[in-house]
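The next block is entry.txt, given as compact mmCIF, C-alpha atoms.
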# COMPACT_ATOMS: atom_id res chain seq x y z
CA MET S 25 139.86 174.79 -260.69
CA LEU S 26 137.07 176.77 -259.02
CA TYR S 27 135.05 173.61 -258.33
CA GLU S 28 138.05 171.89 -256.72
CA GLU S 29 138.59 174.93 -254.48
CA LEU S 30 134.95 174.91 -253.40
CA LEU S 31 135.18 171.18 -252.68
CA LYS S 32 138.38 171.66 -250.68
CA ALA S 33 136.69 174.34 -248.57
CA PHE S 34 133.72 172.03 -248.01
CA ASN S 35 135.92 169.12 -246.91
CA GLU S 36 137.84 171.34 -244.47
CA GLU S 37 134.63 172.61 -242.83
CA LEU S 38 133.23 169.07 -242.70
CA LYS S 39 136.38 167.84 -240.96
CA ASP S 40 136.22 170.74 -238.50
CA ILE S 41 132.62 169.93 -237.57
CA HIS S 42 133.46 166.26 -237.13
CA LEU S 43 136.37 167.09 -234.79
CA ARG S 44 134.48 169.68 -232.73
CA ILE S 45 131.07 168.06 -232.30
CA SER S 46 130.41 164.81 -230.42
CA SER S 47 126.60 164.75 -230.52
CA PRO S 48 125.31 162.90 -233.64
CA LEU S 49 122.22 165.12 -233.87
CA GLU S 50 124.14 168.35 -233.51
CA GLU S 51 126.72 167.18 -236.05
CA ALA S 52 123.92 166.21 -238.45
CA ASN S 53 122.27 169.63 -238.19
CA LEU S 54 125.52 171.46 -238.86
CA VAL S 55 126.57 169.23 -241.76
CA ILE S 56 123.14 169.43 -243.40
CA ALA S 57 123.39 173.23 -243.31
CA LEU S 58 126.96 173.08 -244.68
CA CYS S 59 125.97 170.74 -247.52
CA THR S 60 123.01 172.88 -248.51
CA LEU S 61 125.11 176.04 -248.59
CA SER S 62 127.90 174.33 -250.53
CA LEU S 63 125.50 172.98 -253.15
CA VAL S 64 124.11 176.48 -253.65
CA LYS S 65 127.65 177.73 -254.24
CA PHE S 66 128.35 174.92 -256.70
CA GLN S 67 125.13 175.63 -258.60
CA LYS S 68 125.88 179.33 -258.93
CA ALA S 69 129.40 178.54 -260.17
CA VAL S 70 128.08 176.07 -262.75
CA GLU S 71 125.50 178.57 -264.00
CA LYS S 72 128.15 181.28 -264.32
CA TYR S 73 131.18 179.37 -265.62
CA GLY S 74 129.94 176.05 -266.98
CA PHE S 75 132.55 173.51 -268.13
CA GLN S 76 135.41 173.62 -270.62
CA ASN S 77 134.55 170.24 -272.12
CA ILE S 78 132.50 167.07 -271.62
CA ASP S 79 135.21 165.39 -269.54
CA LYS S 80 135.17 168.27 -267.07
CA GLU S 81 131.39 168.06 -266.85
CA ILE S 82 131.48 164.32 -266.19
CA SER S 83 134.18 164.77 -263.57
CA PHE S 84 132.12 167.42 -261.76
CA PHE S 85 128.86 165.48 -261.58
CA LYS S 86 130.51 162.13 -260.87
CA SER S 87 133.27 163.14 -258.45
CA VAL S 88 132.70 166.67 -257.12
CA LYS S 89 129.03 167.49 -256.65
CA VAL S 90 128.43 163.97 -255.32
CA ILE S 91 130.53 164.70 -252.19
CA PRO S 92 128.27 167.29 -250.50
CA MET S 93 125.22 165.47 -251.91
CA GLN S 94 126.16 162.14 -250.34
CA TYR S 95 126.80 163.75 -246.96
CA LEU S 96 123.52 165.65 -247.19
CA ILE S 97 121.71 162.35 -247.74
CA TYR S 98 123.72 160.50 -245.09
CA TYR S 99 123.21 163.05 -242.33
CA THR S 100 119.56 163.57 -243.24
CA GLU S 101 118.97 159.83 -242.83
CA LEU S 102 121.04 159.76 -239.64
CA ARG S 103 119.07 162.64 -238.15
CA SER S 104 115.76 161.02 -239.03
CA CYS S 105 116.96 157.73 -237.53
CA GLU S 106 118.03 159.25 -234.23
CA LEU S 107 114.81 161.24 -233.88
CA SER S 108 112.64 158.19 -234.65
CA LEU S 109 114.64 155.56 -232.74
CA PRO S 110 112.64 154.13 -229.78
CA LYS S 111 113.78 155.88 -226.62
CA SER S 112 113.70 152.75 -224.47
CA GLY S 113 113.96 149.03 -224.99
CA ASN S 114 117.16 147.85 -226.63
CA LEU S 115 115.36 145.08 -228.49
CA PHE S 116 112.85 147.53 -229.96
CA GLN S 117 115.77 149.69 -231.09
CA ILE S 118 117.43 146.71 -232.80
CA GLN S 119 114.17 145.87 -234.59
CA PHE S 120 113.81 149.48 -235.74
CA LEU S 121 117.36 149.51 -237.13
CA ASP S 122 116.86 146.12 -238.80
CA HIS S 123 113.84 147.56 -240.61
CA LEU S 124 115.89 150.51 -241.87
CA GLU S 125 118.61 148.17 -243.05
CA GLU S 126 116.04 146.08 -244.92
CA LYS S 127 114.80 149.19 -246.75
CA ILE S 128 118.36 150.15 -247.71
CA ASN S 129 119.01 146.67 -249.10
CA GLN S 130 115.80 146.88 -251.13
CA PHE S 131 117.05 150.14 -252.63
CA PHE S 132 120.45 148.62 -253.45
CA ASN S 133 118.82 145.58 -255.07
CA LYS S 134 116.64 147.86 -257.18
CA HIS S 135 119.72 149.63 -258.57
CA LYS S 136 122.20 146.74 -258.58
CA GLU S 137 122.93 147.09 -262.30
CA PHE S 138 124.11 150.68 -261.87
CA MET S 139 126.02 149.72 -258.72
CA VAL S 140 127.89 147.01 -260.64
CA TYR S 141 128.75 149.62 -263.27
CA LEU S 142 130.23 151.80 -260.51
CA GLU S 143 132.04 148.99 -258.70
CA LEU S 144 133.73 147.83 -261.93
CA GLU S 145 134.76 151.46 -262.56
CA HIS S 146 133.27 151.47 -266.04
CA SER S 147 133.11 154.77 -267.92
CA LEU S 148 131.53 153.85 -271.26
CA LEU S 149 128.12 155.27 -270.27
CA ASP S 150 129.41 158.23 -268.27
CA LYS S 151 128.41 160.75 -270.95
CA TYR S 152 124.81 159.53 -270.63
CA TYR S 153 124.82 159.26 -266.85
CA PHE S 154 126.80 162.35 -265.86
CA THR S 155 126.18 165.08 -268.42
CA ARG S 156 123.12 167.28 -268.57
CA LYS S 157 122.60 166.71 -272.28
CA TYR S 158 120.94 163.32 -271.69
CA LEU S 159 118.91 164.22 -268.58
CA ASN S 160 115.56 163.68 -270.31
CA LYS S 161 116.69 161.36 -273.10
CA ILE S 162 117.12 158.05 -271.26
CA PRO S 163 114.56 155.96 -269.33
CA PRO S 164 113.78 157.78 -266.09
CA ILE S 165 114.90 156.44 -262.73
CA LYS S 166 112.37 156.83 -259.94
CA THR S 167 114.35 158.68 -257.36
CA TYR S 168 113.73 161.75 -255.25
CA PRO S 169 113.37 164.55 -256.30
CA TYR S 170 111.05 163.92 -259.22
CA TYR S 171 111.92 167.29 -260.78
CA LYS S 172 115.57 167.95 -261.54
CA ASP S 173 117.08 171.30 -262.46
CA PRO S 174 118.30 170.78 -266.06
CA ASN S 175 121.22 173.14 -265.41
CA PHE S 176 122.46 171.38 -262.28
CA ASN S 177 121.42 167.72 -262.59
CA THR S 178 122.11 164.73 -264.77
CA SER S 179 120.11 161.54 -265.09
CA HIS S 180 122.19 159.67 -262.50
CA ASP S 181 124.08 162.14 -260.29
CA ILE S 182 121.51 162.10 -257.48
CA LEU S 183 121.21 158.32 -257.70
CA LEU S 184 124.98 158.06 -257.32
CA ALA S 185 124.84 160.34 -254.27
CA ARG S 186 122.02 158.30 -252.73
CA ILE S 187 123.98 155.09 -253.17
CA LYS S 188 127.07 156.57 -251.53
CA GLY S 189 125.06 158.28 -248.79
CA LEU S 190 123.13 155.12 -247.96
CA GLU S 191 126.34 153.10 -247.92
CA LEU S 192 127.59 155.46 -245.21
CA PHE S 193 124.26 155.23 -243.40
CA SER S 194 124.33 151.43 -243.55
CA LYS S 195 127.72 151.44 -241.82
CA TYR S 196 126.31 153.82 -239.20
CA ILE S 197 123.39 151.44 -238.56
CA ASP S 198 125.77 148.48 -238.18
CA GLN S 199 127.84 150.37 -235.61
CA ARG S 200 124.71 151.59 -233.81
CA LYS S 201 123.46 148.01 -233.54
CA LEU S 202 126.82 146.80 -232.24
CA ASN S 203 126.73 149.45 -229.51
CA ILE S 204 123.19 148.49 -228.50
CA GLU S 205 123.99 144.76 -228.56
CA HIS S 206 127.06 145.45 -226.42
CA ASN S 207 124.81 147.18 -223.87
CA ILE S 208 122.41 144.22 -223.95
CA ASN S 209 125.24 141.73 -223.41
CA ASP S 210 126.63 143.79 -220.54
CA PHE S 211 123.18 143.90 -218.96
CA ILE S 212 122.72 140.14 -219.33
CA GLU S 213 126.18 139.34 -217.98
CA LYS S 214 125.84 141.64 -214.98
CA LYS S 215 122.17 141.44 -214.03
CA LEU S 216 119.68 139.05 -215.59
CA ILE S 217 120.22 135.36 -216.34
CA TRP S 218 117.40 132.83 -216.40
CA SER S 219 118.24 130.24 -213.74
CA GLY S 220 115.09 128.16 -214.07
CA SER S 221 114.54 125.18 -216.33
CA TYR S 222 114.13 125.47 -220.10
CA ALA S 223 110.71 123.85 -219.79
CA GLY S 224 109.71 126.49 -217.25
CA PHE S 225 110.79 129.23 -219.63
CA ILE S 226 108.81 127.72 -222.51
CA GLU S 227 105.72 127.33 -220.32
CA PHE S 228 106.08 130.96 -219.27
CA VAL S 229 106.34 132.15 -222.92
CA TYR S 230 103.41 130.05 -224.15
CA GLY S 231 101.30 131.10 -221.19
CA CYS S 232 101.94 134.81 -221.74
CA GLN S 233 101.32 134.36 -225.45
CA ALA S 234 97.99 132.64 -224.72
CA MET S 235 97.04 135.70 -222.65
CA GLY S 236 97.97 138.02 -225.54
CA TYR S 237 100.66 139.80 -223.51
CA PHE S 238 103.13 140.13 -226.41
CA ASN S 239 102.03 142.56 -229.16
CA ASN S 240 98.38 141.86 -228.24
CA GLY S 241 98.86 138.22 -229.14
CA ASN S 242 100.15 138.95 -232.64
CA ALA S 243 103.82 138.07 -232.08
CA GLU S 244 105.09 134.70 -233.28
CA THR S 245 105.94 132.38 -230.39
CA SER S 246 109.24 131.36 -231.98
CA LYS S 247 110.24 135.03 -232.22
CA ILE S 248 109.33 135.64 -228.57
CA VAL S 249 111.44 132.64 -227.52
CA GLU S 250 114.35 133.91 -229.63
CA ILE S 251 114.24 137.47 -228.28
CA LEU S 252 113.61 136.68 -224.61
CA GLY S 253 115.96 133.72 -224.72
CA GLY S 254 118.76 135.90 -226.05
CA PHE S 255 117.99 138.60 -223.50
CA LEU S 256 118.03 136.15 -220.57
CA GLY S 257 121.06 134.17 -221.74
CA ILE S 258 119.14 130.94 -222.37
CA ASP S 259 120.81 128.33 -224.57
CA LYS S 260 118.90 127.57 -227.74
CA GLY S 261 116.61 124.57 -227.49
CA ASN S 262 113.63 123.16 -229.31
CA PRO S 263 110.61 125.17 -228.10
CA SER S 264 108.02 123.22 -230.12
CA ARG S 265 109.23 119.86 -228.86
CA THR S 266 109.45 121.13 -225.29
CA TYR S 267 105.92 122.53 -225.55
CA ASN S 268 104.64 119.14 -226.76
CA GLU S 269 106.41 117.46 -223.83
CA ILE S 270 104.68 119.90 -221.47
CA LYS S 271 101.32 119.04 -223.03
CA ALA S 272 102.06 115.33 -222.58
CA ARG S 273 102.87 115.61 -218.88
CA LYS S 274 101.10 113.33 -216.45
CA GLY S 275 99.46 115.33 -213.71
CA SER S 276 99.64 119.11 -213.91
CA ARG S 277 100.56 120.47 -217.32
CA ILE S 278 101.13 124.00 -215.98
CA LYS S 279 103.70 123.12 -213.33
CA PHE S 280 105.61 126.37 -213.72
CA PHE S 281 102.60 128.61 -213.19
CA GLU S 282 101.20 126.54 -210.30
CA GLU S 283 104.53 126.45 -208.44
CA THR S 284 105.17 130.13 -209.17
CA GLY S 285 101.71 131.08 -207.94
CA GLN S 286 102.09 129.00 -204.77
CA LYS S 287 105.51 130.45 -203.95
CA LEU S 288 104.30 134.00 -204.59
CA LEU S 289 101.32 133.47 -202.25
CA ARG S 290 103.65 131.99 -199.60
CA LYS S 291 105.95 134.99 -199.95
CA MET S 292 103.02 137.38 -199.49
CA GLU S 293 101.78 135.44 -196.46
CA ASP S 294 105.25 135.45 -194.91
CA GLU S 295 105.52 139.21 -195.49
CA ASP S 296 102.07 139.77 -194.01
CA GLY S 297 103.19 137.79 -190.93
CA LEU S 298 106.26 139.98 -190.54
CA ASP S 299 104.18 143.14 -190.84
CA SER S 300 101.62 142.09 -188.16

Taking this structure as input, can you express it in the form of structure tokens?
Amino acid sequence: MLYEELLKAFNEELKDIHLRISSPLEEANLVIALCTLSLVKFQKAVEKYGFQNIDKEISFFKSVKVIPMQYLIYYTELRSCELSLPKSGNLFQIQFLDHLEEKINQFFNKHKEFMVYLELEHSLLDKYYFTRKYLNKIPPIKTYPYYKDPNFNTSHDILLARIKGLELFSKYIDQRKLNIEHNINDFIEKKLIWSGSYAGFIEFVYGCQAMGYFNNGNAETSKIVEILGGFLGIDKGNPSRTYNEIKARKGSRIKFFEETGQKLLRKMEDEDGLDS
């Protein structure tokens, strides 16, 4: 009963923070502190009172302790994400979040057998996974922290919390990406649309790539076309074929750059004439 009361108090404080605070970073800081304090309270209670039977112990490590643990993991990851997220450049932010999502999926794939066990709501192995008796008697799972308190950890309780916490974090990343993509789409719709030819766009991309202007020349041309094309609202085409058509042109093969250079010079000359 004591553990349920502690969990109820935790959930009420968590809800209060969520309702009061609108800043993700401020909310993360407060929840991390709340989770840490709550886990200390749970640990002291376990050390003092223990459990009446094995079913109570399983229930605690599988359904009670995991709650503050999963939110500790979730908000720690969220805080790290927000502090590390590129401050400018929506496309760079999307790439950063994609990388985080890839790491999460790698973690899930690594532990898919245990995740299937959870999803199917099996309980046959619960006494091995969620009691302290078998902490050091089954093959170890490489998960942080490497040392586990034998009085307050089981072989799989932290892994369970990480799975649940990262599931929450994955949803946060998806929503964060949607918000950023919405901003990109608004920007494209309201401000920047490529109104030149597709061939001109491809010539521009290949020319800049030849100069090493994108990632010091290390970016793949197809990726540049995809990112800039999406940003400028350009319909998907066949960049390789278009590039080959540009190479096969009779006369000037860099029509875009020659015409752009000529028009820019004419603009400068016209402006110089107005200033004189």

Please provide as an mmCIF file with C-alpha atoms, keeping the file's coordinate frame all residues within 10 Å of range 259-264 of chain S, with the sequence filter that same-chain residues fewer than 6 positions apart are discarded (counting all atoms listed in the file).
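Below is the file result-v7.cif, written as the result:
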data_model
loop_
_atom_site.group_PDB
_atom_site.id
_atom_site.type_symbol
_atom_site.label_atom_id
_atom_site.label_comp_id
_atom_site.auth_asym_id
_atom_site.auth_seq_id
_atom_site.Cartn_x
_atom_site.Cartn_y
_atom_site.Cartn_z
ATOM 1 C CA TRP S 218 117.400 132.830 -216.400
ATOM 2 C CA TYR S 222 114.130 125.470 -220.100
ATOM 3 C CA ALA S 223 110.710 123.850 -219.790
ATOM 4 C CA PHE S 225 110.790 129.230 -219.630
ATOM 5 C CA ILE S 226 108.810 127.720 -222.510
ATOM 6 C CA GLU S 227 105.720 127.330 -220.320
ATOM 7 C CA VAL S 229 106.340 132.150 -222.920
ATOM 8 C CA TYR S 230 103.410 130.050 -224.150
ATOM 9 C CA THR S 245 105.940 132.380 -230.390
ATOM 10 C CA SER S 246 109.240 131.360 -231.980
ATOM 11 C CA VAL S 249 111.440 132.640 -227.520
ATOM 12 C CA GLU S 250 114.350 133.910 -229.630
ATOM 13 C CA GLY S 253 115.960 133.720 -224.720
ATOM 14 C CA ILE S 270 104.680 119.900 -221.470
#

Closest of S:Glu244, S:Glu71, S:Glu143, S:Glu126 to Asn177 in chain S, counting only C-alpha atoms, is S:Glu71

Polymer residues at most 12 Å from Tyr95 in chain S, only C-alpha atoms, same-chain spacing of 5 or more positions, as a VMD selection string: chain S and resid 34 to 35 38 51 to 60 62 to 63 89 to 90 100 to 103 182 184 to 193

Next on the checklist: Calculated over only C-alpha atoms, which of the candidates S:Tyr98, S:Glu145, S:Asn240, S:His42 has the smallest distance to Ile128 in chain S?
Outcome noted: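 Between S:Tyr98, S:Glu145, S:Asn240, S:His42, the residue approaching Ile128 in chain S most closely is S:Tyr98.
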
Which residue is closest to Leu31 in chain S? Choose from S:Ser87, S:Asn133, S:Asn207, S:Ser147 and count all atoms listed in the file.
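Smallest distance to Leu31 in chain S is found for S:Ser87.
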
Between CA of Leu149 in chain S and CA of Asn77 in chain S, what is the distance, to one decimal in Å?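 Those two atoms sit 16.4 Å apart.
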
Counting all atoms listed in the file, closest pick from S:Phe131, S:Tyr99, S:Phe280, S:Tyr141 relative to Pro48 in chain S is S:Tyr99

- prompt: How many Å lie between CA of Lys32 in chain S and CA of Glu81 in chain S, rounded to one decimal?
  reply: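 It comes out at 18.0 Å.
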
Report the centre and edge lengths, in Å to one decimal, of an axis-aligned box enclosing every atom of range 184-193 of chain S listed in the file, padded by 3 Å on each side, as lines of an AutoDock Vina configuration file.
center_x = 124.8
center_y = 156.7
center_z = -250.4
size_x = 11.6
size_y = 13.2
size_z = 19.9

Which polymer residues have any atom within 12 Å of an atom of Asp198 in chain S, counting all atoms listed in the file, with same-chain residues fewer than 4 positions away left out, as a PDB file with C-alpha atoms, keeping the file's coordinate frame?
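To be explicit, this is the file written out as selection26.pdb:
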ATOM      1  CA  ILE S 118     117.430 146.710-232.800  1.00  0.00           C
ATOM      2  CA  LEU S 121     117.360 149.510-237.130  1.00  0.00           C
ATOM      3  CA  ASP S 122     116.860 146.120-238.800  1.00  0.00           C
ATOM      4  CA  LEU S 124     115.890 150.510-241.870  1.00  0.00           C
ATOM      5  CA  GLU S 125     118.610 148.170-243.050  1.00  0.00           C
ATOM      6  CA  GLU S 191     126.340 153.100-247.920  1.00  0.00           C
ATOM      7  CA  LEU S 192     127.590 155.460-245.210  1.00  0.00           C
ATOM      8  CA  PHE S 193     124.260 155.230-243.400  1.00  0.00           C
ATOM      9  CA  SER S 194     124.330 151.430-243.550  1.00  0.00           C
ATOM     10  CA  LEU S 202     126.820 146.800-232.240  1.00  0.00           C
ATOM     11  CA  ASN S 203     126.730 149.450-229.510  1.00  0.00           C
ATOM     12  CA  ILE S 204     123.190 148.490-228.500  1.00  0.00           C
ATOM     13  CA  GLU S 205     123.990 144.760-228.560  1.00  0.00           C
TER      14      GLU S 205
END

Would you mind reading off the distance between CA of Lys157 in chain S and CA of Thr178 in chain S, one decimal, in Å?
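Those two atoms sit 7.8 Å apart.
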
Review point. Counting only C-alpha atoms, which of S:Ser46, S:Gly220, S:Ile251, S:Lys80 gets nearest to Phe116 in chain S?
Key: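 For Phe116 in chain S, the nearest of the given residues is S:Ile251.
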
Closest to Leu216 in chain S among S:Thr155, S:Val64, S:Pro174, S:Ile258, using all atoms listed in the file?
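Looking only at the distances to Leu216 in chain S, the closest residue turns out to be S:Ile258.
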
Residue completion, range 216-227 of chain S, N, CA, C and O atoms, as a PDB file, keeping the file's coordinate frame:
ATOM      1  N   LEU S 216     120.778 139.979-215.413  1.00  0.00           N
ATOM      2  CA  LEU S 216     119.680 139.050-215.590  1.00  0.00           C
ATOM      3  C   LEU S 216     120.089 137.801-216.379  1.00  0.00           C
ATOM      4  O   LEU S 216     120.456 137.894-217.536  1.00  0.00           O
ATOM      5  N   ILE S 217     120.023 136.660-215.702  1.00  0.00           N
ATOM      6  CA  ILE S 217     120.220 135.360-216.340  1.00  0.00           C
ATOM      7  C   ILE S 217     119.107 134.451-215.851  1.00  0.00           C
ATOM      8  O   ILE S 217     118.820 134.378-214.654  1.00  0.00           O
ATOM      9  N   TRP S 218     118.451 133.770-216.765  1.00  0.00           N
ATOM     10  CA  TRP S 218     117.400 132.830-216.400  1.00  0.00           C
ATOM     11  C   TRP S 218     118.027 131.615-215.723  1.00  0.00           C
ATOM     12  O   TRP S 218     118.874 130.933-216.305  1.00  0.00           O
ATOM     13  N   SER S 219     117.651 131.363-214.479  1.00  0.00           N
ATOM     14  CA  SER S 219     118.240 130.240-213.740  1.00  0.00           C
ATOM     15  C   SER S 219     117.238 129.120-213.516  1.00  0.00           C
ATOM     16  O   SER S 219     117.522 128.165-212.795  1.00  0.00           O
ATOM     17  N   GLY S 220     116.051 129.248-214.141  1.00  0.00           N
ATOM     18  CA  GLY S 220     115.090 128.160-214.070  1.00  0.00           C
ATOM     19  C   GLY S 220     115.324 127.158-215.183  1.00  0.00           C
ATOM     20  O   GLY S 220     116.294 127.240-215.931  1.00  0.00           O
ATOM     21  N   SER S 221     114.415 126.205-215.298  1.00  0.00           N
ATOM     22  CA  SER S 221     114.540 125.180-216.330  1.00  0.00           C
ATOM     23  C   SER S 221     114.097 125.739-217.680  1.00  0.00           C
ATOM     24  O   SER S 221     113.348 126.715-217.753  1.00  0.00           O
ATOM     25  N   TYR S 222     114.551 125.067-218.754  1.00  0.00           N
ATOM     26  CA  TYR S 222     114.130 125.470-220.100  1.00  0.00           C
ATOM     27  C   TYR S 222     112.630 125.228-220.268  1.00  0.00           C
ATOM     28  O   TYR S 222     111.920 126.039-220.881  1.00  0.00           O
ATOM     29  N   ALA S 223     112.150 124.142-219.707  1.00  0.00           N
ATOM     30  CA  ALA S 223     110.710 123.850-219.790  1.00  0.00           C
ATOM     31  C   ALA S 223     109.899 124.930-219.087  1.00  0.00           C
ATOM     32  O   ALA S 223     108.828 125.333-219.564  1.00  0.00           O
ATOM     33  N   GLY S 224     110.409 125.425-217.963  1.00  0.00           N
ATOM     34  CA  GLY S 224     109.710 126.490-217.250  1.00  0.00           C
ATOM     35  C   GLY S 224     109.654 127.761-218.084  1.00  0.00           C
ATOM     36  O   GLY S 224     108.625 128.453-218.120  1.00  0.00           O
ATOM     37  N   PHE S 225     110.746 128.047-218.763  1.00  0.00           N
ATOM     38  CA  PHE S 225     110.790 129.230-219.630  1.00  0.00           C
ATOM     39  C   PHE S 225     109.783 129.098-220.769  1.00  0.00           C
ATOM     40  O   PHE S 225     109.044 130.039-221.075  1.00  0.00           O
ATOM     41  N   ILE S 226     109.738 127.933-221.399  1.00  0.00           N
ATOM     42  CA  ILE S 226     108.810 127.720-222.510  1.00  0.00           C
ATOM     43  C   ILE S 226     107.369 127.810-222.035  1.00  0.00           C
ATOM     44  O   ILE S 226     106.505 128.406-222.706  1.00  0.00           O
ATOM     45  N   GLU S 227     107.081 127.240-220.875  1.00  0.00           N
ATOM     46  CA  GLU S 227     105.720 127.330-220.320  1.00  0.00           C
ATOM     47  C   GLU S 227     105.352 128.788-220.056  1.00  0.00           C
ATOM     48  O   GLU S 227     104.228 129.217-220.336  1.00  0.00           O
TER      49      GLU S 227
END
